[in-house]
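**Q** Here it is, the structure in full.
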Amino acid sequence: MSRKIFITSIGTSCYPETQYSYNGKIEISRFAPVAIKKLIPDLENAETYLFLSKEALEKNGVALKESIGAELISIPIPVGKEDFNEIFSIIESKVGESMQLYLDITNALRSLQMIFFAISIYFTGLKNIEIKGIYYGAFEQKKDNKAPVIDLLPIVEAIELFYASRMFRDYGVSALIGEKLEQEQQRLRSEKKVVSAPKTFIKTGRILKKISLGLANADAMFIASKCINLTKVSKSDTEFHSFLPLSETLIKSIKKAYKAFSDPLEVNALTEKELQREERIIEWYMNHEQYKNALSLMREWLVNKLLFFSEKRDIWLDYEKARKFAERKINLLIKLLKDKKLFSPDMKKFAKVAQKIFLMRNKVSHGGFSIETDRINYNTIHREVGEYWDEAKQIGPEIFQNILKRSIRGKILIISPLGLAPGMLYTLLSMEEIVKCYLAELMLITSEQAQKCIEECLEKVGRAIPYTPFCLKNPYIDILSEKDIKDKWLDKIISADKIIINYTGGTSIMQVNIVRISNIIRSYDIPFKEVVVTDKRSLGEQQANPYVKGEVCPIFESDYFC
C-alpha cells in the first residue's frame with residue numbers, strides 16, 4: 001500500500017473555535033488541520049508534516065502538535081528565491097516516490113500555500129506522486145455557524161489538462177488526455193453517489209492512446225484506422241461537456257487535427273486519397289520535428305507512388321508481389337546513379353531525390369553511430385528534409401510512368417557459358433518458360449571456337465533468339481573485370497524482367513566469369529534464377545548426339561519473379 005502523507009501549515013493568528021463540516025460530518029477545533037484530519041477518513045493513518053515559521057511555531061506549534069500528532073518543521077517566511085529553494089529542499093526531503101499526497105491550504109501565508117501547491121504538482125511528475133485531496137476550511141463561507149471544508153482537487157485536473165494540451169500542441173501526443181479519460185470514467189463508475197458515468201470516455205481514451213502509438217511508429221495504415229474510429233465515437237462531445245468540461249475544447253482540437261488522417265481506408269487498392277493521407281502525415285511529422293518518422297514514411301510514399309502508376313496497385317500491400325518490385329526499381333535507379341549509368345534526365349531527377357531521402361533516413365535511423373563527417377547536422381536537418389520532401393512532391397506522374405516503362409513486359413535474359421558441348425545450351429533454351437517467352441535474349445561467355453556452335457544450336461531449338469557473345473581470348477585463364485561486364489552488358493541486365501543464369505558448360509574460368517556477372521546482378525538487387533543443366537547420358541552418347549534435352553535444375557529461385 002502506498003504511503004500517505006498530509007502536508008499542512010499554520011500561521012500566527014489566534015484562531016477561534018470553529019465548526020468545520022464535510023460530507024455531513026462536523027468537527028469542532030481551533031485549527032482547520034485538526035478538523036480536516038478527523039473529517040477525512042483516508043487521513044487517519046497518514047504521516048502528517050506541519051510546516052510553519054519560527055513565530056508560528058512559538059505561538060501555535062505546540063498546541064497543534066498535541067492535537068494532530070504532526071512532525072513540526074520550521075521553514076523561513078518566503079520572501080525571495082533563496083527562501084523558496086530552501087522550502088523546496090525541506091519538503092523534498094520528506095516526500096518519497098509513489099506516495100499519496102493530501103494538502104491543507106487553509107491557514108498561514110497565502111504565498112506559502114501557493115508554494116506547497118506548486119511543489120506538489122512538480123512532484124507528481126518527478127516522483128510519481130498522486131495528489132488525493134487539496135482541502136480548504138472556508139471560514140469566510142460559514143453557514144448556520146458551520147465552515148465547509150472544500151476539496152479543491154479539480155484544480156489539479158485543470159493542470160493535468162494544461163499539460164496534456166501542451167503535449168498535444170507541441171508534440172502531437174494525445175495519449176495523456178486519453179489516459180485521463182479512461183481514469184475519469186473508472187473514477188465516476190466507482191463513486192456510488194454518481195447516478196450515471198460517461199459511456200465513451202474509456203473507448204475514446206484508448207483510441208487516442210493508439211493513435212499516439214501509431215504516430216510514434218510511423219504506421220500510416222494503423223493511424224488511419226484509429227482516426228476513422230475516433231470520428232465514429234458517439235455521444236462523446238456531450239459527455240465531455242457533462243463530465244469533464246475543461247477537456248471539451250482540447251478534445252475538439254484533437255479531433256479536428258486527426259480528421260486530416262481519417263479518409264476512408266482502401267486496403268484493396270491504392271488510391272490517390274491514400275497517397276494524400278500519407279502526405280499529410282509526413283507534413284505532420286515535419287511540423288513536430290519528428291524527422292526519423294517523416295523520412296521513413298517518405299520512403300514508403302515513394303514506393304506507393306510508383307505502385308500507384310503500375311498494374312500492381314490492386315496488390316500494393318503484398319510485399320513479395322508488389323512492394324519488393326517497387327523497392328528494387330528505386331534501389332536500382334540509385335545504384336545506376338552512383339555508376340553514372342542513368343540514361344534520361346527524368347530518371348536522374350527521381351534517383352537523386354530518392355537517394356537523398358534514403359540516405360538521410362538511414363543516417364537518422366542509426367542513432368548517430370557513424371563517422372564524424374557523416375553525422376546528422378541538427379542545425380540544418382529541418383531545412384534539408386523539407387527540401388527533399390518538396391523535391392519529391394514535384395516529381396510528376398510522367399516520371400513514374402517512364403520508370404515503369406523501362407522494363408519491357410515479358411522480356412527474359414538468359415546468361416550462360418558455352419563450351420564445345422552445345423547440348424547444355426540446347427537443354428537450357430528448351431526450357432518451357434523460355435520457349436513461351438516471345439522476348440528472349442541470350443548472353444554467352446564463350447570462346448572463338450565454341451561460338452561457332454551458337455547458330456546451329458538455335459536452329460535445333462527452332463527459334464531465332466538474339467544473342468551477345470563475350471569471347472575470351474584464352475578460355476582457361478581470362479577473367480573479366482567488373483568494368484568489362486558493365487560496359488558490355490549492364491544495359492541489357494537492367495532492362496530485363498526476368499534473368500536466368502546457368503552455371504553449367506564451358507571451362508572453369510567461363511563459369512567463374514558467370515559467377516562474377518551474378519554478383520554484379522546481386523549488387524543491383526535484380527531478381528534472378530540460378531540453374532544448372534545436367535545430361536545423364538554417357539559422354540559418348542552426348543558427343544554423338546548433343547541435341548537431346550537433358551534436365552534443368554534450379555539451385556536458387558526464392559527471389560525470382562514468376
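The chains in the C-alpha cells are called A, B, ... from first to last as shown; in each chain the residues are counted from 1, and the ligands are counted from 1 in the order shown.
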Please return as a ChimeraX atom specification: the residues of stretch 138-237 of chain A that backbone DSSP assigns to strand (DSSP E or B).

**A** /A:143,146-151

**Q** DSSP on the backbone, then: every residue of stretch 332-550 of chain A marked helix (DSSP H, G or I), written as an MDAnalysis selection string.

**A** chainID A and resid 332:338 345:365 372:374 381:393 397:405 423:429 432:436 450:461 482:495 508:523 539:544

**Q** Within 10 Å of A:Thr468, counting only C-alpha atoms, which residues show up once you throw out same-chain ones fewer than 2 positions away? Write them as a list in words, please.

**A** Ile415, Glu441, Leu442, Met443, Leu444, Ile445, Pro466, Phe470, Cys471, Lys488, Trp489 and Lys492 of chain A

**Q** Ranking A:Asn128, A:Gln19, A:Asn545, A:Gln113 by minimum distance to A:Ile7 and counting only C-alpha atoms, which one comes first?

**A**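 Once distances to A:Ile7 are computed over only C-alpha atoms, the minimum belongs to A:Gln113.
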
**Q** Name the residues in contact with A:Ser53 at a cut-off of 12 Å, using only C-alpha atoms, excluding same-chain residues fewer than 3 positions from it; report them as a PyMOL selection string.

**A** chain A and resi 9-12+50+56-61+72-78+83+87+108-109+112

**Q** Go ahead and write the selection's residues with C-alpha atoms as a PDB file, in the first residue's frame.

**A**
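That gives us selection_35.pdb:
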ATOM      1  CA  SER A   9       0.675  24.669   7.883  1.00  0.00           C
ATOM      2  CA  ILE A  10      -0.409  27.225  10.448  1.00  0.00           C
ATOM      3  CA  GLY A  11       0.117  30.937  10.938  1.00  0.00           C
ATOM      4  CA  THR A  12       0.469  33.252  13.926  1.00  0.00           C
ATOM      5  CA  LEU A  50       3.268  20.693   9.823  1.00  0.00           C
ATOM      6  CA  ALA A  56       4.073  30.389  14.278  1.00  0.00           C
ATOM      7  CA  LEU A  57       5.961  27.546  15.946  1.00  0.00           C
ATOM      8  CA  GLU A  58       6.259  29.539  19.158  1.00  0.00           C
ATOM      9  CA  LYS A  59       2.617  30.688  19.161  1.00  0.00           C
ATOM     10  CA  ASN A  60       0.604  27.722  17.836  1.00  0.00           C
ATOM     11  CA  GLY A  61       3.014  24.878  17.154  1.00  0.00           C
ATOM     12  CA  LEU A  72       6.786  20.160  13.261  1.00  0.00           C
ATOM     13  CA  ILE A  73       9.106  21.535  10.584  1.00  0.00           C
ATOM     14  CA  SER A  74      10.396  25.095  10.755  1.00  0.00           C
ATOM     15  CA  ILE A  75      10.704  26.964   7.456  1.00  0.00           C
ATOM     16  CA  PRO A  76      11.618  30.549   6.517  1.00  0.00           C
ATOM     17  CA  ILE A  77       8.979  33.095   5.622  1.00  0.00           C
ATOM     18  CA  PRO A  78       9.129  33.127   1.787  1.00  0.00           C
ATOM     19  CA  ASP A  83      13.674  31.109   0.655  1.00  0.00           C
ATOM     20  CA  ILE A  87      11.464  25.342   1.429  1.00  0.00           C
ATOM     21  CA  ALA A 108      -0.671  30.521   7.144  1.00  0.00           C
ATOM     22  CA  LEU A 109       0.596  32.892   4.454  1.00  0.00           C
ATOM     23  CA  LEU A 112       3.298  29.603   1.416  1.00  0.00           C
TER      24      LEU A 112
END

**Q** One number please: atom CA of A:Lys486 to atom CA of A:Ile517, in Å, one decimal.

**A**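 Between atom CA of A:Lys486 and atom CA of A:Ile517 the gap works out to 8.9 Å.
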
**Q** Looking at A:Trp316, A:Tyr547, A:Phe6, A:Phe400, which one is nearest to A:Glu459, with distances taken over only C-alpha atoms?

**A** A:Tyr547

**Q** I want to know what sits within 8 Å of A:Val233, based on only C-alpha atoms, with residues of the same chain fewer than 3 positions away left out; could you give that as a count of residues only?

**A** 6
